[in-house]
$ cat input24.csv   # CSV, C-alpha atoms and all ligand atoms
chain,number,residue,atom,x,y,z
A,11,MET,CA,-92.0,80.0,52.0
A,12,THR,CA,-90.8,80.2,55.6
A,13,THR,CA,-91.1,77.3,57.9
A,14,ILE,CA,-92.2,78.0,61.4
A,15,ALA,CA,-90.3,76.1,64.1
A,16,ALA,CA,-92.4,74.0,66.5
A,17,PRO,CA,-92.9,75.6,69.9
A,18,LYS,CA,-90.3,74.6,72.5
A,19,ILE,CA,-91.2,73.4,76.0
A,20,VAL,CA,-88.4,73.4,78.5
A,21,CYS,CA,-89.1,70.5,81.0
A,22,VAL,CA,-87.6,70.6,84.4
A,23,VAL,CA,-86.6,67.9,86.9
A,24,GLY,CA,-84.5,68.0,90.0
A,25,ALA,CA,-85.3,65.5,92.7
A,26,ARG,CA,-86.3,61.8,92.9
A,27,PRO,CA,-90.1,62.3,93.0
A,28,ASN,CA,-89.9,64.3,89.8
A,29,PHE,CA,-88.5,61.5,87.7
A,30,MET,CA,-91.5,59.2,87.7
A,31,LYS,CA,-93.7,62.2,86.7
A,32,ILE,CA,-91.5,63.5,83.8
A,33,ALA,CA,-91.0,60.0,82.2
A,34,PRO,CA,-94.5,59.7,80.7
A,35,LEU,CA,-94.6,63.5,79.9
A,36,MET,CA,-91.5,63.4,77.8
A,37,ALA,CA,-93.0,60.5,75.8
A,38,ALA,CA,-96.4,62.1,75.4
A,39,LEU,CA,-94.9,65.5,74.4
A,40,ALA,CA,-92.8,63.7,71.8
A,41,GLY,CA,-96.1,62.2,70.3
A,42,ALA,CA,-98.3,65.3,70.8
A,43,PRO,CA,-101.1,65.9,68.2
A,44,ARG,CA,-99.1,68.9,67.0
A,45,PRO,CA,-95.3,69.0,66.9
A,46,LEU,CA,-93.5,70.3,70.1
A,47,TYR,CA,-89.8,70.5,70.7
A,48,THR,CA,-88.7,69.6,74.2
A,49,CYS,CA,-85.6,70.4,76.1
A,50,LEU,CA,-85.0,68.5,79.4
A,51,VAL,CA,-83.2,70.4,82.2
A,52,HIS,CA,-82.0,68.6,85.3
A,53,THR,CA,-81.2,71.0,88.2
A,54,GLY,CA,-79.0,68.4,89.9
A,55,GLN,CA,-80.9,68.8,93.3
A,56,HIS,CA,-80.6,65.0,93.6
A,57,TYR,CA,-77.3,63.6,92.3
A,58,ASP,CA,-76.4,60.3,93.9
A,59,VAL,CA,-76.7,57.4,91.4
A,60,ALA,CA,-79.3,55.7,93.7
A,61,MET,CA,-81.4,58.9,93.9
A,62,ASN,CA,-81.0,60.0,90.3
A,63,GLN,CA,-79.3,58.1,87.4
A,64,ARG,CA,-80.9,54.7,88.2
A,65,PHE,CA,-84.4,56.3,87.7
A,66,PHE,CA,-83.4,57.7,84.3
A,67,GLU,CA,-82.3,54.2,83.2
A,68,GLN,CA,-85.2,52.3,84.6
A,69,LEU,CA,-87.9,54.8,83.4
A,70,GLY,CA,-86.3,55.4,79.9
A,71,ILE,CA,-86.1,59.2,80.6
A,72,PRO,CA,-84.0,60.9,77.9
A,73,THR,CA,-80.6,62.1,79.1
A,74,PRO,CA,-81.1,65.7,80.2
A,75,ASP,CA,-80.0,68.3,77.6
A,76,ILE,CA,-78.7,70.5,80.3
A,77,ASP,CA,-77.5,69.7,83.9
A,78,LEU,CA,-77.3,72.6,86.3
A,79,GLU,CA,-75.5,70.5,88.9
A,80,VAL,CA,-76.7,72.5,91.9
A,81,GLY,CA,-76.4,69.7,94.5
A,82,SER,CA,-77.5,70.0,98.2
A,83,ALA,CA,-77.6,73.2,100.3
A,84,THR,CA,-79.9,75.2,102.5
A,85,HIS,CA,-83.3,76.0,101.0
A,86,ALA,CA,-82.3,79.6,100.2
A,87,VAL,CA,-79.0,78.7,98.7
A,88,GLN,CA,-80.3,75.7,96.7
A,89,THR,CA,-83.3,77.7,95.4
A,90,SER,CA,-81.3,80.8,94.5
A,91,GLU,CA,-78.5,78.7,92.8
A,92,ILE,CA,-81.1,76.9,90.7
A,93,MET,CA,-82.6,80.3,89.7
A,94,ARG,CA,-79.2,81.8,88.9
A,95,ARG,CA,-78.2,78.8,86.7
A,96,PHE,CA,-81.6,78.4,85.0
A,97,GLU,CA,-82.0,82.0,83.8
A,98,PRO,CA,-79.3,81.8,81.0
A,99,VAL,CA,-80.9,78.6,79.8
A,100,LEU,CA,-84.1,80.5,79.0
A,101,ASP,CA,-82.1,83.2,77.2
A,102,VAL,CA,-80.6,80.5,74.9
A,103,GLU,CA,-83.5,78.2,74.5
A,104,GLN,CA,-86.3,80.9,74.1
A,105,PRO,CA,-89.0,78.4,74.9
A,106,ALA,CA,-92.8,78.9,74.6
A,107,ALA,CA,-93.2,77.5,78.1
A,108,VAL,CA,-91.4,76.0,81.0
A,109,LEU,CA,-93.0,72.8,82.4
A,110,VAL,CA,-92.5,72.0,86.1
A,111,VAL,CA,-93.8,69.0,88.1
A,112,GLY,CA,-94.5,68.4,91.7
A,113,ASP,CA,-93.5,70.6,94.7
A,114,VAL,CA,-89.7,70.4,95.2
A,115,ASN,CA,-87.3,73.4,95.3
A,116,SER,CA,-86.5,73.0,91.6
A,117,THR,CA,-90.2,73.3,90.8
A,118,VAL,CA,-90.7,76.8,92.4
A,119,ALA,CA,-87.2,78.1,91.4
A,120,CYS,CA,-87.6,77.4,87.7
A,121,ALA,CA,-91.2,78.6,87.7
A,122,LEU,CA,-90.2,81.9,89.3
A,123,VAL,CA,-87.4,82.5,86.8
A,124,ALA,CA,-89.7,81.7,83.8
A,125,ALA,CA,-92.5,84.0,85.1
A,126,LYS,CA,-90.2,86.9,85.7
A,127,LYS,CA,-88.9,86.6,82.1
A,128,GLY,CA,-92.4,86.5,80.6
A,129,VAL,CA,-92.2,82.8,79.7
A,130,ALA,CA,-95.4,80.8,80.3
A,131,VAL,CA,-95.3,78.3,83.2
A,132,ILE,CA,-97.0,74.9,83.1
A,133,HIS,CA,-97.5,73.1,86.4
A,134,VAL,CA,-98.2,69.4,86.5
A,135,GLU,CA,-99.7,68.3,89.9
A,136,ALA,CA,-101.2,71.6,90.7
A,137,GLY,CA,-103.6,72.5,93.5
A,138,LEU,CA,-102.6,70.0,96.1
A,139,ARG,CA,-102.6,71.5,99.6
A,140,SER,CA,-101.7,70.2,103.0
A,141,PHE,CA,-102.5,73.6,104.6
A,142,ASP,CA,-99.3,73.2,106.6
A,143,ARG,CA,-96.9,76.0,105.8
A,144,THR,CA,-94.2,74.4,108.0
A,145,MET,CA,-93.7,72.0,105.1
A,146,PRO,CA,-91.3,73.5,102.5
A,147,GLU,CA,-93.2,71.7,99.8
A,148,GLU,CA,-96.5,73.6,100.7
A,149,ILE,CA,-94.8,76.9,100.1
A,150,ASN,CA,-93.4,75.6,96.8
A,151,ARG,CA,-96.9,74.4,95.8
A,152,VAL,CA,-98.7,77.7,96.6
A,153,LEU,CA,-96.1,79.9,94.9
A,154,THR,CA,-95.8,77.7,91.8
A,155,ASP,CA,-99.5,77.7,91.2
A,156,GLN,CA,-99.6,81.4,91.5
A,157,LEU,CA,-97.0,81.7,88.8
A,158,SER,CA,-98.6,79.2,86.4
A,159,ASP,CA,-100.4,79.8,83.2
A,160,LEU,CA,-101.6,76.2,82.7
A,161,LEU,CA,-102.3,74.0,85.7
A,162,PHE,CA,-102.9,70.3,85.6
A,163,THR,CA,-104.6,68.6,88.5
A,164,THR,CA,-104.7,65.0,89.7
A,165,GLU,CA,-108.0,65.2,91.7
A,166,ARG,CA,-111.1,67.3,91.2
A,167,HIS,CA,-110.9,68.8,94.7
A,168,ALA,CA,-107.6,70.6,93.8
A,169,LEU,CA,-109.6,73.1,91.7
A,170,ASP,CA,-111.4,74.3,94.9
A,171,ASN,CA,-108.0,75.1,96.4
A,172,LEU,CA,-106.9,77.0,93.3
A,173,ILE,CA,-110.1,79.0,93.1
A,174,ARG,CA,-109.8,80.0,96.8
A,175,GLU,CA,-106.4,81.4,95.9
A,176,GLY,CA,-107.8,83.5,93.1
A,177,ILE,CA,-106.6,81.3,90.2
A,178,ASP,CA,-108.7,81.5,87.0
A,179,PRO,CA,-110.4,78.1,86.6
A,180,ALA,CA,-110.1,78.4,82.8
A,181,ARG,CA,-106.3,77.8,83.3
A,182,VAL,CA,-107.0,74.5,85.2
A,183,HIS,CA,-107.3,71.1,83.6
A,184,PHE,CA,-108.2,68.0,85.5
A,185,VAL,CA,-106.3,65.2,83.8
A,186,GLY,CA,-105.4,62.5,86.3
A,187,ASN,CA,-102.0,61.4,87.7
A,188,VAL,CA,-98.9,61.1,85.6
A,189,MET,CA,-97.1,59.2,88.5
A,190,ILE,CA,-99.8,56.5,88.1
A,191,ASP,CA,-99.2,56.5,84.3
A,192,THR,CA,-95.6,55.4,85.2
A,193,LEU,CA,-96.8,52.9,87.8
A,194,LEU,CA,-99.3,51.2,85.5
A,195,ALA,CA,-96.8,51.1,82.7
A,196,SER,CA,-94.0,49.6,84.9
A,197,LEU,CA,-95.9,46.9,86.8
A,198,LYS,CA,-94.9,44.2,84.4
A,199,LEU,CA,-91.3,45.2,84.7
A,200,ALA,CA,-91.2,45.5,88.5
A,201,ALA,CA,-88.4,43.6,90.2
A,202,PRO,CA,-89.7,40.5,92.1
A,203,ALA,CA,-89.8,41.2,95.8
A,204,GLU,CA,-87.8,38.0,96.5
A,205,GLN,CA,-84.9,39.6,94.7
A,206,THR,CA,-84.8,42.6,97.0
A,207,LEU,CA,-85.5,40.5,100.1
A,208,ALA,CA,-82.6,38.3,99.4
A,209,ALA,CA,-80.4,40.9,101.2
A,210,ALA,CA,-82.2,40.0,104.5
A,211,ALA,CA,-80.4,37.8,107.1
A,212,GLU,CA,-83.5,35.5,106.9
A,213,PRO,CA,-85.4,36.2,103.7
A,214,ALA,CA,-87.7,33.2,104.3
A,215,VAL,CA,-89.1,35.0,107.3
A,216,PHE,CA,-90.2,38.0,105.2
A,217,LEU,CA,-91.7,35.8,102.6
A,218,ARG,CA,-93.5,33.5,105.0
A,219,GLU,CA,-94.9,36.1,107.4
A,220,GLY,CA,-95.3,38.9,104.8
A,221,TYR,CA,-93.6,42.2,105.4
A,222,GLY,CA,-94.1,45.9,105.7
A,223,VAL,CA,-92.3,48.6,103.7
A,224,LEU,CA,-91.1,51.7,105.6
A,225,THR,CA,-89.9,55.1,104.3
A,226,LEU,CA,-89.1,58.2,106.3
A,227,HIS,CA,-87.5,61.4,105.1
A,228,ARG,CA,-89.6,64.5,106.1
A,229,PRO,CA,-87.7,67.0,108.2
A,230,ALA,CA,-90.6,66.9,110.7
A,231,ASN,CA,-90.0,63.2,111.4
A,232,VAL,CA,-86.2,62.8,111.0
A,233,ASP,CA,-84.5,66.1,111.9
A,234,GLN,CA,-85.2,66.1,115.7
A,235,PRO,CA,-83.5,63.2,117.5
A,236,ALA,CA,-86.2,62.7,120.1
A,237,VAL,CA,-89.0,62.5,117.4
A,238,LEU,CA,-86.9,60.1,115.3
A,239,GLU,CA,-86.1,57.9,118.3
A,240,ARG,CA,-89.7,57.6,119.3
A,241,LEU,CA,-90.6,56.6,115.7
A,242,LEU,CA,-87.8,54.1,115.4
A,243,GLN,CA,-88.8,52.6,118.8
A,244,VAL,CA,-92.4,51.9,117.8
A,245,LEU,CA,-91.4,50.7,114.4
A,246,GLY,CA,-89.0,48.3,116.1
A,247,GLU,CA,-91.9,47.0,118.2
A,248,LEU,CA,-94.0,46.6,115.1
A,249,SER,CA,-91.3,44.6,113.5
A,250,THR,CA,-91.7,41.8,116.1
A,251,VAL,CA,-95.1,41.1,114.5
A,252,LEU,CA,-94.4,42.2,110.9
A,253,PRO,CA,-90.9,42.2,109.4
A,254,LEU,CA,-90.0,45.6,107.9
A,255,VAL,CA,-88.0,46.6,104.9
A,256,PHE,CA,-86.6,50.1,105.3
A,257,PRO,CA,-84.9,51.7,102.3
A,258,LEU,CA,-83.0,54.7,103.8
A,259,HIS,CA,-83.1,58.2,102.2
A,260,PRO,CA,-79.6,59.7,102.6
A,261,ARG,CA,-81.0,62.4,104.8
A,262,THR,CA,-82.5,59.8,107.2
A,263,LYS,CA,-79.4,57.7,107.3
A,264,ALA,CA,-77.4,60.8,108.2
A,265,ARG,CA,-79.8,61.7,111.0
A,266,ILE,CA,-79.8,58.2,112.4
A,267,ASP,CA,-76.0,58.1,112.4
A,268,GLN,CA,-75.7,61.6,114.0
A,269,ALA,CA,-78.3,60.8,116.7
A,270,GLY,CA,-76.6,57.4,117.5
A,271,LEU,CA,-79.8,55.5,116.9
A,272,ASN,CA,-78.5,52.6,114.7
A,273,SER,CA,-79.0,50.1,117.6
A,274,LEU,CA,-82.8,50.6,117.3
A,275,LEU,CA,-82.6,49.0,113.8
A,276,ASP,CA,-80.3,46.2,114.8
A,277,THR,CA,-82.7,43.2,114.4
A,278,PRO,CA,-82.9,40.6,111.7
A,279,ARG,CA,-86.6,41.6,111.4
A,280,ILE,CA,-85.7,45.0,110.0
A,281,LEU,CA,-84.0,45.0,106.6
A,282,CYS,CA,-82.3,48.4,106.1
A,283,LEU,CA,-81.4,49.1,102.5
A,284,PRO,CA,-79.9,51.9,100.5
A,285,PRO,CA,-82.4,53.9,98.4
A,286,LEU,CA,-84.0,51.5,95.9
A,287,GLY,CA,-84.5,51.9,92.2
A,288,TYR,CA,-88.1,52.5,91.0
A,289,LEU,CA,-88.6,48.9,89.8
A,290,GLU,CA,-87.3,47.4,93.0
A,291,MET,CA,-89.5,49.7,95.2
A,292,LEU,CA,-92.5,49.0,93.0
A,293,GLY,CA,-92.1,45.2,93.2
A,294,LEU,CA,-91.6,45.4,97.0
A,295,MET,CA,-94.6,47.6,97.6
A,296,ALA,CA,-96.9,45.6,95.3
A,297,ARG,CA,-96.5,42.5,97.6
A,298,ALA,CA,-96.4,44.3,101.0
A,299,ARG,CA,-99.0,43.7,103.6
A,300,LEU,CA,-98.6,47.3,104.8
A,301,VAL,CA,-96.6,50.4,103.8
A,302,LEU,CA,-95.6,53.0,106.4
A,303,THR,CA,-94.4,56.3,105.0
A,304,ASP,CA,-94.2,60.1,105.1
A,305,SER,CA,-93.7,60.4,101.4
A,306,GLY,CA,-96.3,62.1,99.2
A,307,GLY,CA,-95.9,59.9,96.1
A,308,ILE,CA,-96.1,56.7,98.0
A,309,GLN,CA,-99.5,57.6,99.4
A,310,GLU,CA,-100.7,57.7,95.8
A,311,GLU,CA,-98.8,54.6,94.6
A,312,THR,CA,-100.2,52.4,97.4
A,313,THR,CA,-103.7,53.7,96.6
A,314,ALA,CA,-103.2,52.6,92.9
A,315,LEU,CA,-101.8,49.3,94.1
A,316,GLY,CA,-104.6,48.7,96.6
A,317,VAL,CA,-102.0,48.2,99.4
A,318,PRO,CA,-102.8,49.6,102.9
A,319,CYS,CA,-100.7,52.7,103.7
A,320,LEU,CA,-100.2,54.4,107.0
A,321,THR,CA,-98.9,57.9,106.6
A,322,LEU,CA,-96.8,59.1,109.4
A,323,ARG,CA,-98.0,62.7,109.2
A,324,ASP,CA,-100.8,64.8,110.6
A,325,ASN,CA,-102.0,66.0,107.3
A,326,THR,CA,-101.9,65.2,103.6
A,327,GLU,CA,-102.0,67.3,100.4
A,328,ARG,CA,-103.4,64.2,98.7
A,329,PRO,CA,-106.8,63.8,100.5
A,330,ILE,CA,-108.2,61.6,97.8
A,331,THR,CA,-105.9,58.8,98.9
A,332,VAL,CA,-107.7,58.8,102.3
A,333,ALA,CA,-111.2,59.4,101.0
A,334,GLN,CA,-111.1,56.9,98.2
A,335,GLY,CA,-107.8,55.0,98.5
A,336,THR,CA,-106.0,52.8,101.0
A,337,ASN,CA,-104.3,55.6,103.0
A,338,THR,CA,-104.8,56.4,106.7
A,339,LEU,CA,-103.2,59.3,108.5
A,340,VAL,CA,-101.6,58.3,111.8
A,341,GLY,CA,-99.2,61.2,112.6
A,342,SER,CA,-96.2,60.5,114.7
A,343,ASP,CA,-97.9,59.3,117.9
A,344,PRO,CA,-96.4,55.9,118.7
A,345,GLU,CA,-99.7,54.6,120.3
A,346,ARG,CA,-101.7,55.5,117.3
A,347,ILE,CA,-99.2,54.0,114.9
A,348,ARG,CA,-99.1,50.8,116.8
A,349,ARG,CA,-102.9,50.5,117.2
A,350,THR,CA,-103.6,51.3,113.5
A,351,ALA,CA,-100.9,49.0,112.2
A,352,LEU,CA,-102.2,46.1,114.2
A,353,GLU,CA,-105.7,46.8,113.1
A,354,VAL,CA,-104.7,46.8,109.4
A,355,LEU,CA,-102.8,43.5,109.9
A,356,ALA,CA,-105.9,42.0,111.5
A,357,THR,CA,-108.4,43.2,109.0
A,358,GLY,CA,-106.4,43.7,105.8
A,359,GLY,CA,-107.1,47.5,105.9
A,360,LYS,CA,-109.2,49.7,103.7
A,361,ALA,CA,-110.2,48.2,100.4
A,362,GLY,CA,-110.0,51.5,98.5
A,363,ARG,CA,-110.5,52.1,94.8
A,364,ALA,CA,-108.6,53.9,92.0
A,365,PRO,CA,-109.5,57.6,91.9
A,366,GLU,CA,-111.1,59.1,88.8
A,367,LEU,CA,-108.7,59.3,85.8
A,368,TRP,CA,-105.8,57.5,87.5
A,369,ASP,CA,-105.9,55.3,84.4
A,370,GLY,CA,-102.5,55.5,82.8
A,371,HIS,CA,-103.4,58.2,80.3
A,372,ALA,CA,-102.8,61.5,82.2
A,373,ALA,CA,-99.7,62.5,80.2
A,374,THR,CA,-101.4,62.0,76.9
A,375,ARG,CA,-104.2,64.4,78.1
A,376,ILE,CA,-101.7,66.9,79.2
A,377,ALA,CA,-99.8,66.8,75.9
A,378,THR,CA,-103.0,67.3,74.0
A,379,VAL,CA,-103.9,70.4,76.0
A,380,ILE,CA,-100.4,71.8,75.7
A,381,ALA,CA,-100.3,71.3,71.9
A,382,GLY,CA,-103.7,73.1,71.6
A,383,TRP,CA,-102.4,75.9,73.8
A,384,ALA,CA,-99.1,76.2,72.0
A,385,TYR,CA,-100.7,76.6,68.6
A,386,ARG,CA,-103.6,78.8,69.9
A,401,LIG,C1,-86.5,66.6,98.5
A,401,LIG,C2,-87.8,67.4,98.3
A,401,LIG,C3,-88.9,66.6,98.9
A,401,LIG,C4,-89.0,65.2,98.3
A,401,LIG,C5,-87.6,64.6,98.5
A,401,LIG,C6,-87.6,63.2,97.9
A,401,LIG,C7,-87.6,69.9,98.5
A,401,LIG,C8,-87.9,71.0,99.4
A,401,LIG,N1,-87.7,68.7,99.1
A,401,LIG,O1,-86.2,66.5,99.9
A,401,LIG,O2,-90.1,67.3,98.6
A,401,LIG,O3,-90.0,64.5,98.9
A,401,LIG,O4,-86.6,65.4,97.9
A,401,LIG,O5,-86.3,62.6,98.1
A,401,LIG,O6,-87.3,70.1,97.4
A,401,LIG,N2,-78.8,64.0,99.6
A,401,LIG,C9,-77.8,63.1,99.2
A,401,LIG,N3,-77.9,62.7,97.8
A,401,LIG,C10,-78.7,63.2,96.9
A,401,LIG,C11,-79.7,64.1,97.4
A,401,LIG,C12,-79.7,64.5,98.7
A,401,LIG,O7,-77.0,62.6,99.9
A,401,LIG,O8,-78.7,62.8,95.8
A,401,LIG,C13,-78.8,64.3,101.0
A,401,LIG,C14,-78.0,65.6,101.3
A,401,LIG,O9,-77.4,65.4,102.5
A,401,LIG,C15,-79.1,66.6,101.4
A,401,LIG,C16,-80.2,65.9,102.0
A,401,LIG,O10,-80.1,64.6,101.4
A,401,LIG,O11,-78.7,67.7,102.2
A,401,LIG,C17,-81.6,66.5,101.6
A,401,LIG,O12,-81.7,66.6,100.2
A,401,LIG,P1,-82.6,67.8,99.6
A,401,LIG,O13,-82.7,67.7,98.1
A,401,LIG,O14,-82.3,69.1,100.3
A,401,LIG,O15,-84.0,67.4,100.2
A,401,LIG,P2,-84.8,66.0,100.4
A,401,LIG,O16,-84.9,65.8,101.8
A,401,LIG,O17,-84.2,65.0,99.5
$ encode --input "input24.csv" --output "C-alpha cells"
Amino acid sequence: MTTIAAPKIVCVVGARPNFMKIAPLMAALAGAPRPLYTCLVHTGQHYDVAMNQRFFEQLGIPTPDIDLEVGSATHAVQTSEIMRRFEPVLDVEQPAAVLVVGDVNSTVACALVAAKKGVAVIHVEAGLRSFDRTMPEEINRVLTDQLSDLLFTTERHALDNLIREGIDPARVHFVGNVMIDTLLASLKLAAPAEQTLAAAAEPAVFLREGYGVLTLHRPANVDQPAVLERLLQVLGELSTVLPLVFPLHPRTKARIDQAGLNSLLDTPRILCLPPLGYLEMLGLMARARLVLTDSGGIQEETTALGVPCLTLRDNTERPITVAQGTNTLVGSDPERIRRTALEVLATGGKAGRAPELWDGHAATRIATVIAGWAYR
C-alpha cells in the first residue's frame, strides 16, 4: 500500500502587515479538517527587529522555514529579487499551492512566480480596491487577484470588484477578516496603555486628557517634504487639545530627518516612539480617543475596536470601515483634518458596528475551503 503525502501549501510573508494575517492562518491550516503540510517562507522585505521578529514572538507565528532576506530596495529591484529567490523554493518544495496575503510587494512577487510555474495561487484579502493606481499596493492587489485560483474576501462588496475584472465568482469565498481573528484573540494579552505611555515626559497628561494615536508611512504623505510639513503642522496644532502618540515607521523617521522637520514634533504633548510591537499598539489603540492614520490595517482594527479613526487619505480600499465602521476619510487637507478631529472629540465620533463575519473565525473558514480544494 502506498501512502499519499498530504498536499503542501507554501505560505508567504514579507512585511509587517502580513504578520497579523498569517498568524491565525498557520494555526488554522495546521488544524484543517483534512491534513495539509505548510511551509512558511519569509521574503525578508521587512527585517528590523521592531518591524519583524517582535511580531513573530508576540503572535506565536512559527519560525519561517525559509528566509529569502531580500531587504529594502526600489520596487523593481525588491520585487524582482523576491521572484528570483522564490522560484527555486517552489522547485524544491513542489507545493499544491502558494498562499499570499494582503497587498505588499512580496504578495505579488510570489504570486507571479507561482502562476508562471503552474502552481495554484491562494490570495487572502482579495478584491479590495482603492481605484488609485498611484498606490503601489493597488497595482499589487489587481495583479495578485488576476493570478489567483482561490480568492478569499473580507467584505461582500469585494466580489463586485473581482467580477468587474473578469474573475470567475466560483473562485471567490467571502470568509471575513483574518486580521480581526488576530485582534480578537490578542485583546486579553494587549499591553496596558499606561506601560507604553510611561515613555512620555508627562504620562499623567496623556492619561488624564486621553490621547490620540498617529501613524503615517504612505509615500503620498511622507515622501514630499512640503506635504509632510503641512501634515506635521496641523497635527502639532491638534496636540494642543489632544496629546498624541506617534510610533514612527522607519521610512517616516528618515523623511522627517531628511527634511529637517523634527522641531515640529518637539513638544511634550507629542510622544514619538519607535515602531511598536503588536500587543503594545493594540493596547494603545483600544484606549485611544481617536486614531489618525494612513495605514490600511489600522482602519480595520479601529472599526473592530469601536475607536474613531480619521484616515489621512482621499480614498480607501476598505470602504466597509467607512460605511459600517468608525472610519472617516479626511485626506491631507489641514483644515479638514482639524475640523473633523475637533468634531470627533466633541461628539465621540461614529458609533460603528463590526462588519459581517469579522468574528474571529475567518482563518478556520479559509482552512476548511483550502482542505476541500486540496483533496478535490
Ligand atoms: C510596505 C508595504 C506597505 C505596507 C508597509 C507597512 C509595499 C509596496 N509596501 O511599505 O503596503 O503598508 O510595508 O509597513 O510592499 N525599512 C527599515 N526597516 C525595515 C523595513 C523597511 O528601515 O525592516 C525602511 C527602509 O528604509 C525602506 C523603507 O523603510 O526603504 C520602506 O520599506 P518598504 O518595505 O520598501 O516599504 P514600506 O514603506 O515599509
$ residues_near_ligand --input "input24.csv" --ligand "ligand LIG 401 (chain A)" --cutoff "9 Å" --atoms "all atoms listed in the file" --output "ChimeraX atom specification"
/A:24-28,54-62,81-85,88-89,112-117,145-147,150,227-229,259-262,264,304-307
$ residues_around --input "input24.csv" --residues "Glu247 (chain A)" --least-positions-apart "6" --cutoff "12 Å" --atoms "only C-alpha atoms" --output "list in words"
Arg240, Leu241, Pro253, Leu254, Leu274, Leu275, Thr277, Arg279, Ile280, Pro344, Glu345, Ile347, Arg348, Arg349, Ala351 and Leu352 of chain A
$ closest_atom_pairs --input "input24.csv" --of "region 137-252 of chain A" --to "region 340-343 of chain A" --cutoff "10 Å" --atoms "all atoms listed in the file" --output "CSV"
residue,atom,partner,partner_atom,distance
A:Ala230,CA,A:Ser342,CA,9.4
A:Asn231,CA,A:Ser342,CA,7.5
A:Val237,CA,A:Ser342,CA,7.9
A:Leu238,CA,A:Ser342,CA,9.3
A:Arg240,CA,A:Ser342,CA,8.5
A:Leu241,CA,A:Ser342,CA,6.9
A:Val244,CA,A:Asp343,CA,9.2
$ closest_residue --input "input24.csv" --among "A:His52, A:Lys198, A:His167, A:Leu355" --to "Glu219 (chain A)" --atoms "all atoms listed in the file"
A:Leu355
$ closest_residue --input "input24.csv" --among "A:Arg64, A:Glu97, A:Arg299, A:Gln268" --to "Gly128 (chain A)" --atoms "only C-alpha atoms"
A:Glu97
$ residues_near_point --input "input24.csv" --point "(-101.1, 74.3, 87.4)" --cutoff "7 Å" --atoms "only C-alpha atoms" --output "PyMOL selection string"
chain A and resi 132-137+155+158-163+182
$ atom_distance --input "input24.csv" --atom1 "CA of Leu169 (chain A)" --atom2 "CA of Ala121 (chain A)"
19.6 Å
$ atom_distance --input "input24.csv" --atom1 "CA of Leu157 (chain A)" --atom2 "CA of Ala125 (chain A)"
6.3 Å
$ axis_aligned_box --input "input24.csv" --around "region 286-304 of chain A" --padding-each-side "4 Å" --output "lines of an AutoDock Vina configuration file"
center_x = -91.5
center_y = 51.3
center_z = 98.1
size_x = 23.0
size_y = 25.6
size_z = 24.6
$ atom_distance --input "input24.csv" --atom1 "CA of Leu322 (chain A)" --atom2 "CA of Leu339 (chain A)"
6.5 Å
$ closest_residue --input "input24.csv" --among "A:Val152, A:Ala211, A:Val317, A:Leu193" --to "Ile177 (chain A)" --atoms "all atoms listed in the file"
A:Val152
$ residues_near_point --input "input24.csv" --point "(-103.3, 63.5, 84.6)" --cutoff "9 Å" --atoms "only C-alpha atoms" --output "number ranges by chain"
A: 134-135, 162-165, 183-191, 367-376
$ write_last_selection --input "input24.csv" --atoms "C-alpha atoms" --output "JSON list (two decimals), in the frame of the given file"
[["chain", "number", "residue", "atom", "x", "y", "z"],
["A", 134, "VAL", "CA", -98.20, 69.40, 86.50],
["A", 135, "GLU", "CA", -99.70, 68.30, 89.90],
["A", 162, "PHE", "CA", -102.90, 70.30, 85.60],
["A", 163, "THR", "CA", -104.60, 68.60, 88.50],
["A", 164, "THR", "CA", -104.70, 65.00, 89.70],
["A", 165, "GLU", "CA", -108.00, 65.20, 91.70],
["A", 183, "HIS", "CA", -107.30, 71.10, 83.60],
["A", 184, "PHE", "CA", -108.20, 68.00, 85.50],
["A", 185, "VAL", "CA", -106.30, 65.20, 83.80],
["A", 186, "GLY", "CA", -105.40, 62.50, 86.30],
["A", 187, "ASN", "CA", -102.00, 61.40, 87.70],
["A", 188, "VAL", "CA", -98.90, 61.10, 85.60],
["A", 189, "MET", "CA", -97.10, 59.20, 88.50],
["A", 190, "ILE", "CA", -99.80, 56.50, 88.10],
["A", 191, "ASP", "CA", -99.20, 56.50, 84.30],
["A", 367, "LEU", "CA", -108.70, 59.30, 85.80],
["A", 368, "TRP", "CA", -105.80, 57.50, 87.50],
["A", 369, "ASP", "CA", -105.90, 55.30, 84.40],
["A", 370, "GLY", "CA", -102.50, 55.50, 82.80],
["A", 371, "HIS", "CA", -103.40, 58.20, 80.30],
["A", 372, "ALA", "CA", -102.80, 61.50, 82.20],
["A", 373, "ALA", "CA", -99.70, 62.50, 80.20],
["A", 374, "THR", "CA", -101.40, 62.00, 76.90],
["A", 375, "ARG", "CA", -104.20, 64.40, 78.10],
["A", 376, "ILE", "CA", -101.70, 66.90, 79.20]]
$ residues_around --input "input24.csv" --residues "region 65-67 of chain A" --least-positions-apart "3" --cutoff "7 Å" --atoms "only C-alpha atoms" --output "ChimeraX atom specification"
/A:29,62,70-71,287-288
$ residues_around --input "input24.csv" --residues "Ala381 (chain A)" --least-positions-apart "4" --cutoff "7 Å" --atoms "only C-alpha atoms" --output "list in words"
Ala42, Pro43, Arg44, Ala377 and Tyr385 of chain A
$ closest_residue --input "input24.csv" --among "A:Leu46, A:Ser273, A:Arg151, A:Gly222" --to "Ala168 (chain A)" --atoms "only C-alpha atoms"
A:Arg151
$ closest_residue --input "input24.csv" --among "A:Pro278, A:Gly270, A:Gly335, A:Pro45" --to "Gly246 (chain A)" --atoms "only C-alpha atoms"
A:Pro278
